[in-house]
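Enquirer: my_file.cif is the file, holding mmCIF, C-alpha atoms:
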data_protein
#
loop_
_atom_site.label_atom_id
_atom_site.label_comp_id
_atom_site.auth_asym_id
_atom_site.auth_seq_id
_atom_site.Cartn_x
_atom_site.Cartn_y
_atom_site.Cartn_z
CA MET A 1 87.28 31.24 -32.63
CA LYS A 2 83.71 32.23 -33.21
CA ARG A 3 83.11 29.11 -35.31
CA GLU A 4 84.34 26.94 -32.41
CA PHE A 5 81.96 28.79 -30.03
CA TYR A 6 78.83 28.29 -32.15
CA LYS A 7 79.53 24.66 -32.97
CA PRO A 8 78.72 23.42 -29.39
CA ILE A 9 75.61 25.59 -29.41
CA SER A 10 74.39 23.98 -32.60
CA TYR A 11 75.00 20.56 -31.10
CA LEU A 12 72.89 21.48 -28.01
CA LEU A 13 70.01 22.75 -30.13
CA THR A 14 70.04 19.64 -32.27
CA ALA A 15 70.05 17.43 -29.15
CA ALA A 16 67.14 19.36 -27.64
CA MET A 17 65.11 18.94 -30.83
CA LEU A 18 65.81 15.22 -30.93
CA LEU A 19 64.91 14.86 -27.24
CA GLY A 20 61.66 16.77 -27.72
CA ALA A 21 60.71 14.49 -30.58
CA ALA A 22 61.40 11.43 -28.45
CA LEU A 23 59.30 12.62 -25.50
CA PRO A 24 55.53 11.82 -25.52
CA SER A 25 53.36 14.70 -26.63
CA ALA A 26 51.37 16.60 -23.94
CA PRO A 27 48.13 14.81 -23.11
CA ALA A 28 45.15 15.97 -25.08
CA ALA A 29 42.53 17.93 -23.23
CA ALA A 30 40.22 15.65 -21.30
CA LYS A 31 37.28 14.65 -23.38
CA LYS A 32 34.19 16.60 -22.37
CA LYS A 33 31.57 14.45 -20.68
CA ALA A 34 28.38 14.01 -22.63
CA ALA A 35 25.15 15.45 -21.27
CA LYS A 36 22.85 12.90 -19.70
CA LEU A 37 19.77 12.66 -17.49
CA SER A 38 19.94 11.76 -13.82
CA THR A 39 17.75 8.75 -14.61
CA LYS A 40 16.48 7.06 -17.75
CA LYS A 41 13.25 5.83 -16.20
CA ILE A 42 11.12 6.57 -13.16
CA SER A 43 8.03 5.10 -11.55
CA ILE A 44 5.61 7.37 -9.71
CA GLN A 45 2.08 7.15 -8.43
CA ILE A 46 -0.85 9.38 -9.29
CA GLY A 47 -0.32 12.71 -7.54
CA GLU A 48 3.32 11.96 -6.77
CA LYS A 49 6.16 14.18 -8.03
CA GLN A 50 9.76 13.48 -8.95
CA THR A 51 12.56 15.69 -10.24
CA ILE A 52 14.60 14.79 -13.32
CA LYS A 53 17.94 16.55 -13.76
CA VAL A 54 20.42 17.04 -16.58
CA LYS A 55 24.09 16.40 -15.90
CA ASN A 56 27.13 17.78 -17.77
CA ALA A 57 25.08 20.24 -19.83
CA SER A 58 26.36 23.73 -20.62
CA LYS A 59 23.26 24.76 -22.57
CA LYS A 60 19.73 25.13 -21.27
CA ALA A 61 17.49 22.09 -21.55
CA LYS A 62 14.10 22.51 -23.21
CA TRP A 63 11.63 20.16 -21.48
CA SER A 64 8.52 18.62 -22.99
CA VAL A 65 6.28 15.56 -22.73
CA LYS A 66 7.30 13.37 -25.64
CA THR A 67 4.55 10.76 -25.24
CA GLY A 68 1.66 10.20 -22.82
CA LYS A 69 0.58 13.78 -22.18
CA LYS A 70 -2.58 12.59 -20.46
CA PHE A 71 -0.56 10.64 -17.88
CA ILE A 72 1.92 13.26 -16.61
CA THR A 73 2.44 17.00 -16.26
CA LEU A 74 5.68 18.99 -16.09
CA SER A 75 6.34 21.95 -13.82
CA LYS A 76 9.27 24.05 -12.57
CA LYS A 77 11.06 23.78 -15.90
CA LYS A 78 14.59 24.98 -15.25
CA LYS A 79 17.88 24.99 -17.14
CA LYS A 80 18.91 21.66 -15.70
CA SER A 81 15.84 20.17 -14.04
CA VAL A 82 12.09 19.59 -14.29
CA VAL A 83 9.42 18.23 -11.94
CA VAL A 84 7.27 15.37 -13.23
CA LYS A 85 3.86 14.71 -11.65
CA GLY A 86 1.72 11.61 -12.11
CA LYS A 87 -1.68 12.54 -13.50
CA LYS A 88 -3.22 9.26 -14.59
CA ALA A 89 -2.09 5.62 -14.58
CA GLY A 90 -0.17 4.81 -17.75
CA LYS A 91 3.17 5.19 -19.52
CA ALA A 92 4.77 8.40 -20.76
CA SER A 93 8.16 9.86 -21.62
CA VAL A 94 9.88 13.18 -20.96
CA LEU A 95 12.12 14.82 -23.56
CA ALA A 96 15.04 17.08 -22.74
CA LYS A 97 16.39 18.89 -25.81
CA ILE A 98 19.87 20.36 -25.32
CA GLY A 99 21.00 21.99 -28.51
CA LYS A 100 20.82 19.22 -31.10
CA LYS A 101 20.98 16.49 -28.45
CA LYS A 102 17.79 14.78 -27.31
CA LEU A 103 17.53 12.87 -24.03
CA THR A 104 14.51 10.80 -22.99
CA CYS A 105 13.26 9.51 -19.64
CA LYS A 106 10.53 6.89 -19.54
CA VAL A 107 7.82 7.41 -16.90
CA THR A 108 5.45 4.82 -15.47
CA VAL A 109 2.49 6.15 -13.50
CA THR A 110 0.62 3.74 -11.25
CA LYS A 111 -2.53 4.06 -9.22
CA ALA A 112 -1.94 5.44 -5.75
CA GLU A 113 -1.41 2.65 -3.27
CA GLU A 114 -3.19 4.67 -0.64
CA SER A 115 -6.44 4.42 -2.59
CA LYS A 116 -6.58 0.81 -1.42
CA LYS A 117 -6.75 1.91 2.18
CA THR A 118 -10.02 0.85 3.75
CA PRO A 119 -10.20 2.25 7.26
CA ASP A 120 -12.22 0.78 10.06
CA ASN A 121 -14.42 3.68 11.11
CA SER A 122 -16.05 1.76 13.92
CA GLY A 123 -13.93 3.79 16.31
CA SER A 124 -15.82 7.00 15.85
CA SER A 125 -17.49 6.62 19.24
CA SER A 126 -16.59 9.16 21.90
CA THR A 127 -14.96 6.69 24.25
CA PRO A 128 -11.98 4.36 23.76
CA THR A 129 -12.96 0.79 23.06
CA PRO A 130 -10.39 -1.65 24.46
CA SER A 131 -11.38 -4.27 21.91
CA GLY A 132 -7.73 -5.15 21.54
CA ASN A 133 -7.50 -6.89 24.90
CA PRO A 134 -5.60 -10.11 24.11
CA ALA A 135 -8.11 -12.21 25.94
CA THR A 136 -11.29 -10.74 24.48
CA SER A 137 -10.41 -8.89 21.27
CA THR A 138 -12.81 -8.89 18.34
CA ALA A 139 -11.17 -8.88 14.94
CA THR A 140 -11.95 -6.04 12.59
CA ALA A 141 -12.43 -6.71 8.93
CA THR A 142 -11.64 -4.25 6.15
CA PRO A 143 -14.84 -2.32 5.40
CA THR A 144 -15.58 -0.11 2.43
CA PRO A 145 -14.37 3.46 3.09
CA SER A 146 -17.02 5.95 4.00
CA THR A 147 -16.97 9.72 3.98
CA SER A 148 -19.03 9.69 7.12
CA ALA A 149 -17.15 10.11 10.38
CA THR A 150 -19.64 7.80 12.06
CA ALA A 151 -19.68 4.93 9.61
CA THR A 152 -19.85 1.49 11.21
CA ALA A 153 -17.66 -1.37 10.02
CA THR A 154 -18.69 -4.98 9.80
CA ALA A 155 -16.54 -7.23 11.97
CA THR A 156 -15.49 -10.70 10.95
CA PRO A 157 -14.35 -12.92 13.86
CA THR A 158 -10.94 -14.57 13.61
CA PRO A 159 -10.12 -17.84 15.42
CA ALA A 160 -8.75 -17.20 18.88
CA ALA A 161 -5.08 -17.66 19.66
CA THR A 162 -3.19 -17.78 22.95
CA PRO A 163 -1.96 -14.34 24.08
CA GLU A 164 1.82 -14.12 24.30
CA PHE A 165 1.96 -11.32 26.85
CA GLU A 166 0.14 -9.71 29.74
CA SER A 167 -1.15 -6.21 29.03
CA SER A 168 1.02 -3.56 30.66
CA GLU A 169 1.40 0.22 30.64
CA PHE A 170 3.23 1.69 27.65
CA LYS A 171 5.71 4.55 27.97
CA TYR A 172 7.23 6.38 25.02
CA GLU A 173 10.82 7.21 25.96
CA GLY A 174 10.71 10.40 23.91
CA LEU A 175 7.80 11.90 25.86
CA ASP A 176 8.88 15.38 27.01
CA GLU A 177 6.97 16.24 30.15
CA GLN A 178 8.68 19.63 30.34
CA TRP A 179 7.47 20.56 26.85
CA ILE A 180 3.93 19.73 27.93
CA LYS A 181 4.31 21.82 31.09
CA ASP A 182 5.71 24.79 29.15
CA ASN A 183 3.35 24.74 26.18
CA ILE A 184 0.01 23.13 27.06
CA ASP A 185 -2.93 24.63 28.92
CA THR A 186 -4.80 21.62 30.29
CA SER A 187 -7.99 23.66 30.63
CA LYS A 188 -8.21 23.97 26.83
CA PRO A 189 -9.10 21.24 24.29
CA VAL A 190 -6.31 19.06 22.93
CA VAL A 191 -6.15 16.82 19.84
CA ALA A 192 -3.47 14.48 18.52
CA MET A 193 -2.37 14.81 14.93
CA SER A 194 -0.97 11.68 13.28
CA PHE A 195 0.44 10.79 9.87
CA ASP A 196 0.80 7.37 8.23
CA ASP A 197 2.84 5.79 5.43
CA GLY A 198 6.01 7.92 5.52
CA PRO A 199 8.78 8.68 5.28
CA GLY A 200 9.14 9.93 1.71
CA GLY A 201 6.81 8.38 -0.85
CA TYR A 202 5.71 4.88 -1.77
CA ASN A 203 8.25 4.33 -4.56
CA SER A 204 10.64 7.26 -4.32
CA TYR A 205 11.35 10.23 -2.10
CA VAL A 206 8.94 13.15 -1.86
CA ASP A 207 9.37 15.95 0.66
CA TYR A 208 5.76 16.31 1.80
CA GLY A 209 6.61 14.86 5.22
CA THR A 210 9.33 17.47 5.62
CA GLN A 211 6.89 20.20 4.61
CA ILE A 212 4.47 18.94 7.27
CA GLN A 213 7.21 19.00 9.89
CA GLU A 214 7.99 22.63 9.04
CA ALA A 215 4.32 23.57 9.35
CA LEU A 216 4.12 21.89 12.76
CA LYS A 217 7.24 23.67 14.00
CA ALA A 218 5.94 27.02 12.77
CA ALA A 219 2.69 26.46 14.69
CA GLY A 220 4.41 25.21 17.84
CA ALA A 221 2.55 21.92 17.47
CA HIS A 222 3.54 18.26 17.73
CA ALA A 223 2.38 15.10 15.97
CA THR A 224 2.96 11.35 15.73
CA PHE A 225 4.40 9.87 12.53
CA PHE A 226 3.60 6.20 11.95
CA TYR A 227 6.47 5.09 9.74
CA ILE A 228 6.74 2.11 7.39
CA GLY A 229 10.06 0.34 7.96
CA ALA A 230 10.81 -0.38 4.30
CA HIS A 231 10.20 3.27 3.40
CA ILE A 232 12.90 4.38 5.84
CA LYS A 233 15.34 2.17 3.94
CA HIS A 234 14.39 3.55 0.50
CA ASP A 235 17.09 6.20 0.52
CA GLU A 236 19.06 8.51 2.79
CA GLN A 237 16.55 11.34 2.36
CA SER A 238 13.74 9.17 3.71
CA ARG A 239 15.83 8.13 6.69
CA GLN A 240 16.78 11.74 7.34
CA GLU A 241 13.10 12.67 7.45
CA VAL A 242 12.67 10.31 10.42
CA VAL A 243 15.79 11.70 12.10
CA ASP A 244 14.48 15.24 11.67
CA ALA A 245 11.06 14.32 13.10
CA TRP A 246 12.64 12.72 16.15
CA LYS A 247 15.03 15.64 16.74
CA ALA A 248 12.14 18.12 16.42
CA GLY A 249 10.34 16.41 19.30
CA PHE A 250 7.71 14.66 17.20
CA GLU A 251 6.75 11.11 18.08
CA VAL A 252 7.94 8.33 15.76
CA ALA A 253 5.89 5.14 15.72
CA ASN A 254 5.50 1.76 14.01
CA HIS A 255 3.26 1.26 10.93
CA SER A 256 4.62 -2.22 10.11
CA TYR A 257 7.41 -2.94 7.62
CA ASP A 258 5.30 -2.52 4.48
CA SER A 259 1.81 -1.39 3.58
CA LYS A 260 0.35 -4.87 3.24
CA GLY A 261 -2.33 -5.55 5.83
CA LEU A 262 -1.29 -7.69 8.80
CA ASN A 263 -4.83 -8.88 9.50
CA THR A 264 -4.43 -11.79 7.05
CA GLU A 265 -0.89 -12.71 8.08
CA LYS A 266 0.29 -15.53 10.33
CA ALA A 267 1.79 -14.81 13.73
CA ASP A 268 5.43 -15.30 12.65
CA THR A 269 5.10 -12.85 9.77
CA ILE A 270 3.44 -10.28 12.01
CA ARG A 271 6.20 -10.59 14.61
CA GLN A 272 8.90 -10.26 11.97
CA LYS A 273 7.48 -7.12 10.34
CA ILE A 274 6.89 -5.34 13.64
CA ALA A 275 10.35 -6.28 14.94
CA LYS A 276 12.12 -5.11 11.76
CA THR A 277 10.50 -1.69 11.95
CA ASP A 278 11.19 -1.43 15.68
CA GLU A 279 14.86 -2.19 15.03
CA ILE A 280 15.14 0.59 12.44
CA LEU A 281 13.40 3.12 14.70
CA GLN A 282 15.53 2.06 17.66
CA GLU A 283 18.72 2.48 15.64
CA ILE A 284 17.69 6.07 14.84
CA THR A 285 16.27 7.15 18.22
CA GLY A 286 17.79 4.83 20.79
CA TYR A 287 14.26 4.12 22.09
CA LYS A 288 12.80 0.64 22.50
CA ASN A 289 9.06 1.24 22.71
CA PHE A 290 6.86 2.59 19.93
CA LEU A 291 3.13 2.98 19.38
CA PHE A 292 1.53 0.95 16.59
CA ARG A 293 -1.09 1.64 13.94
CA ALA A 294 -2.15 -1.22 11.70
CA PRO A 295 -1.71 -0.88 7.93
CA ASN A 296 -5.15 -0.15 6.44
CA VAL A 297 -6.29 0.11 10.09
CA ALA A 298 -7.37 -3.52 9.76
CA TYR A 299 -7.02 -5.95 12.67
CA SER A 300 -7.13 -9.62 13.55
CA LYS A 301 -7.14 -11.49 16.82
CA THR A 302 -3.71 -12.86 15.97
CA MET A 303 -2.36 -9.30 15.78
CA PHE A 304 -3.64 -8.49 19.25
CA ASN A 305 -2.11 -11.68 20.56
CA VAL A 306 1.41 -11.06 19.27
CA ILE A 307 1.89 -7.27 18.98
CA GLU A 308 2.79 -6.03 22.44
CA LYS A 309 1.93 -2.40 21.82
CA PRO A 310 -1.04 -0.05 22.17
CA PHE A 311 -3.08 -0.08 18.93
CA ILE A 312 -3.80 3.52 17.89
CA ASP A 313 -6.92 3.90 15.80
CA VAL A 314 -8.66 7.10 14.64
CA SER A 315 -11.62 9.26 15.60
CA ILE A 316 -11.11 12.16 13.16
CA TRP A 317 -10.73 10.98 9.56
CA SER A 318 -9.26 13.28 6.91
CA HIS A 319 -9.94 10.74 4.13
CA ASP A 320 -6.88 12.12 2.32
CA TYR A 321 -6.11 8.64 0.97
CA GLN A 322 -9.06 8.95 -1.43
CA GLU A 323 -8.19 10.31 -4.86
CA SER A 324 -11.42 12.31 -5.00
CA VAL A 325 -10.57 14.22 -1.81
CA ASP A 326 -8.64 17.44 -2.45
CA LYS A 327 -6.90 19.85 -0.10
CA ASP A 328 -10.03 21.81 0.77
CA ALA A 329 -11.97 18.62 1.48
CA ILE A 330 -9.20 17.42 3.80
CA VAL A 331 -9.41 20.65 5.77
CA LYS A 332 -13.21 20.41 5.96
CA ASN A 333 -13.20 16.71 6.93
CA VAL A 334 -10.87 17.38 9.86
CA THR A 335 -12.13 20.72 11.13
CA SER A 336 -15.83 19.81 10.91
CA ILE A 337 -15.50 17.02 13.47
CA LEU A 338 -12.72 18.26 15.74
CA ALA A 339 -13.27 17.07 19.30
CA ASP A 340 -11.27 17.33 22.49
CA GLY A 341 -9.22 14.16 23.01
CA GLY A 342 -9.57 13.09 19.39
CA ILE A 343 -6.96 11.51 17.13
CA ILE A 344 -6.62 12.92 13.59
CA ASN A 345 -5.48 10.62 10.79
CA MET A 346 -3.63 11.88 7.70
CA HIS A 347 -0.87 10.62 5.40
CA SER A 348 2.47 12.37 4.92
CA VAL A 349 2.89 11.07 1.35
CA HIS A 350 0.43 13.46 -0.35
CA GLU A 351 1.08 16.98 -1.60
CA LYS A 352 -2.55 17.90 -0.89
CA THR A 353 -2.10 16.85 2.75
CA ALA A 354 1.05 18.93 3.12
CA GLN A 355 -0.93 21.88 1.76
CA ALA A 356 -3.88 21.22 4.09
CA VAL A 357 -1.90 20.92 7.33
CA PRO A 358 -1.09 24.66 7.77
CA GLU A 359 -4.78 25.52 7.31
CA ILE A 360 -5.85 22.87 9.81
CA LEU A 361 -3.29 24.11 12.33
CA ALA A 362 -4.47 27.70 11.84
CA TYR A 363 -8.07 26.63 12.40
CA CYS A 364 -7.11 24.74 15.56
CA LYS A 365 -5.32 27.81 16.92
CA GLU A 366 -8.31 30.02 16.12
CA LYS A 367 -10.72 27.67 17.91
CA GLY A 368 -8.44 27.09 20.88
CA PHE A 369 -7.41 23.49 20.06
CA GLN A 370 -3.87 22.49 21.01
CA VAL A 371 -2.19 19.99 18.67
CA VAL A 372 0.09 17.33 20.13
CA SER A 373 1.36 13.78 19.56
CA VAL A 374 -0.61 10.69 20.60
CA SER A 375 1.53 9.90 23.65
CA GLU A 376 1.39 13.56 24.69
CA LEU A 377 -2.41 13.55 24.31
CA PHE A 378 -2.81 10.62 26.70
CA ALA A 379 -0.32 12.08 29.17
CA ILE A 380 -2.16 15.43 29.15
CA LYS A 381 -5.49 13.67 29.67
CA GLY A 382 -4.04 11.53 32.45
CA LYS A 383 -4.92 8.33 30.57
CA LYS A 384 -2.73 5.25 30.48
CA LEU A 385 -1.79 3.56 27.21
CA MET A 386 -1.88 -0.22 27.65
CA THR A 387 -0.30 -2.81 25.37
CA GLY A 388 -2.74 -4.98 23.45
CA VAL A 389 -5.53 -2.38 23.69
CA LYS A 390 -6.99 -0.38 20.79
CA TYR A 391 -7.66 3.33 21.28
CA PHE A 392 -9.76 5.66 19.15
CA ASN A 393 -9.26 8.74 21.34
CA ALA A 394 -8.13 9.76 24.83
CA ASN A 395 -11.54 10.43 26.42
#
Spit out the file's structure as structure tokens when you get a sec.
Expert:
Amino acid sequence: MKREFYKPISYLLTAAMLLGAALPSAPAAAKKKAAKLSTKKISIQIGEKQTIKVKNASKKAKWSVKTGKKFITLSKKKKKSVVVKGKKAGKASVLAKIGKKKLTCKVTVTKAEESKKTPDNSGSSSTPTPSGNPATSTATATPTPSTSATATATATPTPAATPEFESSEFKYEGLDEQWIKDNIDTSKPVVAMSFDDGPGGYNSYVDYGTQIQEALKAAGAHATFFYIGAHIKHDEQSRQEVVDAWKAGFEVANHSYDSKGLNTEKADTIRQKIAKTDEILQEITGYKNFLFRAPNVAYSKTMFNVIEKPFIDVSIWSHDYQESVDKDAIVKNVTSILADGGIINMHSVHEKTAQAVPEILAYCKEKGFQVVSVSELFAIKGKKLMTGVKYFNAN
């Protein structure tokens, strides 16, 4: 009886063993992903920074400059990231050693594009010069930069063209009259702070514009950011910088679609670049009207004839676009010539500028200067902004 009982059991065990052999074996553990860098090559400008990260690494990465030590420096060396800064134009490479594995990122450092900026300092007079009137404008050439706030540029006439519009009053839809009423004492001096060439950096994102925004908010100040359309489209971080500026109550404005001067372009190209940047800014803000500053602050009669906007020039130069100018020089250049109704020019793409802004704001507070955007400055001063007219200040 017992033999008959165990016989079926033995059959079941044999069947189970056969079935197990027929079934596919359990999948092998997923193959561990190999460590790699977030990018194999980057391009930065002198003074610009970019972070390289390690992905899928369990061990700490040891960072070093493999080649081209005179062209780059490394900082903030962490387990899985490092910050690369352009030091001199040339080629270099960064090495990340993770255990026995070696990962390399090639780095190309180029000369800062901003060093090509050649501002027209002819606007350093104390009163606005409406030289941009479509009917009578005088073209401005691109003079050699000067460290003097009163340098005079040489003008080169451009053949006249037929104006496409009649000059009219400009209104920025984002102007907050209540903010002015609550925060500004009209009996005290006021200056406009403005920044060119953002958002982000020329070739890749840098957060200097965001740092500047934080400094402005901490000081209870406002500013105008003249944005390059193509830079907004670089990446989501750059676009977000514009969104943040707009939401913070700062003025967003048009600095053309790229950094190439418009003063040598034909009318159709000028129209296209201005319109493309307007469209991007409108999509973000919902506004239709934006102030304009010319790339390289260089003008032509054709520009005045086809760009239906106020042209915002400068009366207080920081000269931060010059490689030889450091943070302390930026602060000195601005604070030494502060004047009621003036317009300060800086660039949100430089680390040194981001470092200088808090000091400039502190100086302004100490001396009783209130810092606002360009449109706010003109509203406070009771001055109209007219399309087709160039303004150096609001006096």
Enquirer: Hey, what's within 10 Å of Ala61 (chain A) if we count only C-alpha atoms and toss same-chain stuff fewer than 4 positions away? As a short mmCIF file (atom, residue, chain, number, x, y, z; two decimals) with C-alpha atoms, keeping the file's coordinate frame, please?
Expert:
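The new file part-v5.cif reads:
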data_model
loop_
_atom_site.label_atom_id
_atom_site.label_comp_id
_atom_site.auth_asym_id
_atom_site.auth_seq_id
_atom_site.Cartn_x
_atom_site.Cartn_y
_atom_site.Cartn_z
CA LYS A 53 17.94 16.55 -13.76
CA VAL A 54 20.42 17.04 -16.58
CA ALA A 57 25.08 20.24 -19.83
CA LYS A 77 11.06 23.78 -15.90
CA LYS A 78 14.59 24.98 -15.25
CA LYS A 79 17.88 24.99 -17.14
CA LYS A 80 18.91 21.66 -15.70
CA SER A 81 15.84 20.17 -14.04
CA VAL A 82 12.09 19.59 -14.29
CA LEU A 95 12.12 14.82 -23.56
CA ALA A 96 15.04 17.08 -22.74
CA LYS A 97 16.39 18.89 -25.81
CA ILE A 98 19.87 20.36 -25.32
CA GLY A 99 21.00 21.99 -28.51
CA LYS A 101 20.98 16.49 -28.45
CA LYS A 102 17.79 14.78 -27.31
CA LEU A 103 17.53 12.87 -24.03
#
Enquirer: Would you write out, as a PyMOL selection string, every residue that the PyMOL selection byres ((chain A and resi 348-365) around 6) captures in this file?
Expert: chain A and resi 195+198+201+208-209+212+215+327+331+347+366-369
Enquirer: Determine the residue set returned by the PyMOL selection byres ((chain A and resi 294) around 10) for the present structure, and present it as a tab-separated table (two decimals) with C-alpha atoms, keeping the file's coordinate frame.
Expert:
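Ended up saving to out-v3.tsv:
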chain	number	residue	atom	x	y	z
A	119	PRO	CA	-10.20	2.25	7.26
A	196	ASP	CA	0.80	7.37	8.23
A	226	PHE	CA	3.60	6.20	11.95
A	254	ASN	CA	5.50	1.76	14.01
A	255	HIS	CA	3.26	1.26	10.93
A	256	SER	CA	4.62	-2.22	10.11
A	259	SER	CA	1.81	-1.39	3.58
A	260	LYS	CA	0.35	-4.87	3.24
A	261	GLY	CA	-2.33	-5.55	5.83
A	262	LEU	CA	-1.29	-7.69	8.80
A	263	ASN	CA	-4.83	-8.88	9.50
A	292	PHE	CA	1.53	0.95	16.59
A	293	ARG	CA	-1.09	1.64	13.94
A	295	PRO	CA	-1.71	-0.88	7.93
A	296	ASN	CA	-5.15	-0.15	6.44
A	297	VAL	CA	-6.29	0.11	10.09
A	298	ALA	CA	-7.37	-3.52	9.76
A	299	TYR	CA	-7.02	-5.95	12.67
A	300	SER	CA	-7.13	-9.62	13.55
A	303	MET	CA	-2.36	-9.30	15.78
A	311	PHE	CA	-3.08	-0.08	18.93
A	312	ILE	CA	-3.80	3.52	17.89
A	313	ASP	CA	-6.92	3.90	15.80
Enquirer: Can you list, as a PyMOL selection string, the residues that the PyMOL selection byres ((chain A and resi 106) around 12) selects here?
Expert: chain A and resi 37+39-44+52+65-68+71-72+84+90-96+103-105+107-109
Enquirer: Write a file of the selected residues as a tab-separated table (two decimals), in the frame of the given file, keeping C-alpha atoms.
Expert:
chain	number	residue	atom	x	y	z
A	37	LEU	CA	19.77	12.66	-17.49
A	39	THR	CA	17.75	8.75	-14.61
A	40	LYS	CA	16.48	7.06	-17.75
A	41	LYS	CA	13.25	5.83	-16.20
A	42	ILE	CA	11.12	6.57	-13.16
A	43	SER	CA	8.03	5.10	-11.55
A	44	ILE	CA	5.61	7.37	-9.71
A	52	ILE	CA	14.60	14.79	-13.32
A	65	VAL	CA	6.28	15.56	-22.73
A	66	LYS	CA	7.30	13.37	-25.64
A	67	THR	CA	4.55	10.76	-25.24
A	68	GLY	CA	1.66	10.20	-22.82
A	71	PHE	CA	-0.56	10.64	-17.88
A	72	ILE	CA	1.92	13.26	-16.61
A	84	VAL	CA	7.27	15.37	-13.23
A	90	GLY	CA	-0.17	4.81	-17.75
A	91	LYS	CA	3.17	5.19	-19.52
A	92	ALA	CA	4.77	8.40	-20.76
A	93	SER	CA	8.16	9.86	-21.62
A	94	VAL	CA	9.88	13.18	-20.96
A	95	LEU	CA	12.12	14.82	-23.56
A	96	ALA	CA	15.04	17.08	-22.74
A	103	LEU	CA	17.53	12.87	-24.03
A	104	THR	CA	14.51	10.80	-22.99
A	105	CYS	CA	13.26	9.51	-19.64
A	107	VAL	CA	7.82	7.41	-16.90
A	108	THR	CA	5.45	4.82	-15.47
A	109	VAL	CA	2.49	6.15	-13.50
Enquirer: Rounded to one decimal in Å, what is the spacing between CA of Phe165 (chain A) and CA of Tyr287 (chain A)?
Expert: 20.3 Å
Enquirer: At most 10 Å from (1.6, 14.3, 19.0), file frame, all atoms listed in the file: which residues, as a ChimeraX atom specification?
Expert: /A:175,191-195,221-225,249-252,343-344,371-378
Enquirer: Would you put the residues from that selection into a file with C-alpha atoms, as a short mmCIF file (atom, residue, chain, number, x, y, z; two decimals), in the frame of the given file?
Expert:
data_model
loop_
_atom_site.label_atom_id
_atom_site.label_comp_id
_atom_site.auth_asym_id
_atom_site.auth_seq_id
_atom_site.Cartn_x
_atom_site.Cartn_y
_atom_site.Cartn_z
CA LEU A 175 7.80 11.90 25.86
CA VAL A 191 -6.15 16.82 19.84
CA ALA A 192 -3.47 14.48 18.52
CA MET A 193 -2.37 14.81 14.93
CA SER A 194 -0.97 11.68 13.28
CA PHE A 195 0.44 10.79 9.87
CA ALA A 221 2.55 21.92 17.47
CA HIS A 222 3.54 18.26 17.73
CA ALA A 223 2.38 15.10 15.97
CA THR A 224 2.96 11.35 15.73
CA PHE A 225 4.40 9.87 12.53
CA GLY A 249 10.34 16.41 19.30
CA PHE A 250 7.71 14.66 17.20
CA GLU A 251 6.75 11.11 18.08
CA VAL A 252 7.94 8.33 15.76
CA ILE A 343 -6.96 11.51 17.13
CA ILE A 344 -6.62 12.92 13.59
CA VAL A 371 -2.19 19.99 18.67
CA VAL A 372 0.09 17.33 20.13
CA SER A 373 1.36 13.78 19.56
CA VAL A 374 -0.61 10.69 20.60
CA SER A 375 1.53 9.90 23.65
CA GLU A 376 1.39 13.56 24.69
CA LEU A 377 -2.41 13.55 24.31
CA PHE A 378 -2.81 10.62 26.70
#
